[in-house]
Amino acid sequence: MSKDKAGTETAANKQSMNNRVVAVIPARYASTRFPGKPLVLIAGKPMIQHVYERAVATPSVSGVYVATDDDRIAESVQGFGGRAIMTGDHPTGTDRIAEAVEILEAEGVQPGWVMNVQGDEPVIDPQDLERLIQGLLAVEGAVMGTLVHPLRNDAELLDSNINKTVLDNQGRALYFSRSPIPHPRGPGELGLRHVGIYLYRRDFLSTFHKLSPTSLSEREQLEQLRALEHGYPIHCFPAGKVAIGVDVPGDVQRAEASLAES
């Protein structure tokens with residue numbers, strides 16, 4: 001039986017069970033910096049719809065779901081033909097995704113990998129999502145991966161809403177920070193920005209969301225540091241395009257301008 005990406009499977013999905021990828025978009029209404037932002041209109045559509053459509057356009061993704069605890073978001077998703085999964089209240093998006101995947105598995109969906117597509121990335125490129133999938137699946141024993149892109153200017157380097165990272169020689173993250181890393185010793189030494197998309201091996205997702213909070217993850221307010229502090233590697237892959245995240249109301253205009261250029 002074949003279904004579209006808002007259901008469980010698609011006939012075009014020829015992955016084995018172990019490599020089957022589902023995308024889950026965590027979305028909450030009560031954002032501290034921007035309440036209700038999943039429903040803010042960007043170029044005439046709710047932001048959550050832009051993210052959903054880009055996840056659906058990713059070739060290796062067999063199902064796309066929005067995980068939320070808010071009826072307004074669920075109604076919006078259902079209104080544009082998507083599938084919303086109602087969850088309880090959770091401290092992080094990863095915890096919300098973990099519950100959503102358990103609900104899906106109870107319905108018979110059996111993913112080998114779960115992609116966490118942030119609900120505030122309305123211009124994320126499906127080709128970059130695919131690049132992450134293909135890159136991580138090619139790494140033997142990998143459990144978690146994400147995307148990075150070169151910082152473009154000093155303003156991005158100094159913006160605490162843009163997370164920075166440094167990598168080892170094998171492309172694994174050494175650290176993530178809201179502060180400039182590595183230290184810029186000269187003009188033009190900018191480094192890498194982190195694009196907040198994650199791919200987890202299904203069994204590791206269960207492990208990750210049960211990990212205890214860590215001092216650095218709490219201090220930086222970056223949940224991926226929990227994985228690093230507990231000794232789990234995060235493999236990073238280069239994104240071809242900059243994804244404009246919407247953190248505050250002033251980012252909406254920037255996102256619309258980016259959509260107009262794409």
# chains A, B, ... in the order shown; residues from 1 in each chain; ligands from 1

call {"tool": "residues_around", "arguments": {"residues": "Asp247 (chain A)", "least_positions_apart": "4", "cutoff": "7 Å", "atoms": "only C-alpha atoms", "output": "PyMOL selection string"}}
result
chain A and resi 33-34+251

call {"tool": "write_last_selection", "arguments": {"atoms": "N, CA and C atoms", "output": "PDB file, in the first residue's frame"}}
result
ATOM      1  N   ARG A  33      10.660  34.404  22.768  1.00  0.00           N
ATOM      2  CA  ARG A  33      11.040  35.585  21.986  1.00  0.00           C
ATOM      3  C   ARG A  33      10.018  35.963  20.922  1.00  0.00           C
ATOM      4  N   PHE A  34       9.162  35.014  20.535  1.00  0.00           N
ATOM      5  CA  PHE A  34       8.235  35.277  19.432  1.00  0.00           C
ATOM      6  C   PHE A  34       7.011  34.372  19.584  1.00  0.00           C
ATOM      7  N   ASP A 251      12.912  38.993  11.978  1.00  0.00           N
ATOM      8  CA  ASP A 251      13.458  38.040  11.002  1.00  0.00           C
ATOM      9  C   ASP A 251      12.468  37.705   9.884  1.00  0.00           C
TER      10      ASP A 251
END

call {"tool": "closest_residue", "arguments": {"among": "A:Thr94, A:Val66, A:His194, A:Pro184", "to": "Leu211 (chain A)", "atoms": "only C-alpha atoms"}}
result
A:Thr94

call {"tool": "closest_atom_pairs", "arguments": {"of": "region 95-162 of chain A", "to": "region 175-183 of chain A", "cutoff": "7 Å", "atoms": "only C-alpha atoms", "output": "CSV"}}
result
residue,atom,partner,partner_atom,distance
A:Leu157,CA,A:Pro180,CA,5.6
A:Leu158,CA,A:Pro180,CA,6.2
A:Ser160,CA,A:Arg178,CA,4.7
A:Asn161,CA,A:Arg178,CA,6.7
A:Ile162,CA,A:Arg178,CA,6.4

call {"tool": "select_by_dssp", "arguments": {"residues": "region 159-189 of chain A", "states": "strand (DSSP E or B)", "output": "ChimeraX atom specification"}}
result
/A:164-167,172-177

call {"tool": "write_last_selection", "arguments": {"atoms": "N, CA and C atoms", "output": "compact mmCIF listing (two decimals), in the first residue's frame"}}
result
# COMPACT_ATOMS: atom_id res chain seq x y z
N LYS A 164 27.28 29.02 16.65
CA LYS A 164 28.54 28.73 15.96
C LYS A 164 29.08 27.36 16.37
N THR A 165 29.92 26.79 15.52
CA THR A 165 30.51 25.50 15.85
C THR A 165 31.92 25.40 15.31
N VAL A 166 32.68 24.48 15.87
CA VAL A 166 34.01 24.14 15.37
C VAL A 166 34.07 22.62 15.23
N LEU A 167 34.83 22.15 14.22
CA LEU A 167 34.85 20.73 13.87
C LEU A 167 36.24 20.15 14.02
N ARG A 172 33.47 16.14 12.68
CA ARG A 172 32.62 15.98 13.85
C ARG A 172 32.70 17.24 14.69
N ALA A 173 31.57 17.60 15.29
CA ALA A 173 31.53 18.82 16.10
C ALA A 173 32.38 18.68 17.35
N LEU A 174 33.20 19.68 17.62
CA LEU A 174 33.93 19.76 18.87
C LEU A 174 33.14 20.52 19.93
N TYR A 175 32.42 21.56 19.46
CA TYR A 175 31.65 22.39 20.39
C TYR A 175 30.68 23.26 19.61
N PHE A 176 29.62 23.68 20.28
CA PHE A 176 28.67 24.65 19.75
C PHE A 176 28.57 25.79 20.76
N SER A 177 28.41 27.01 20.26
CA SER A 177 28.30 28.15 21.16
C SER A 177 27.54 29.29 20.52
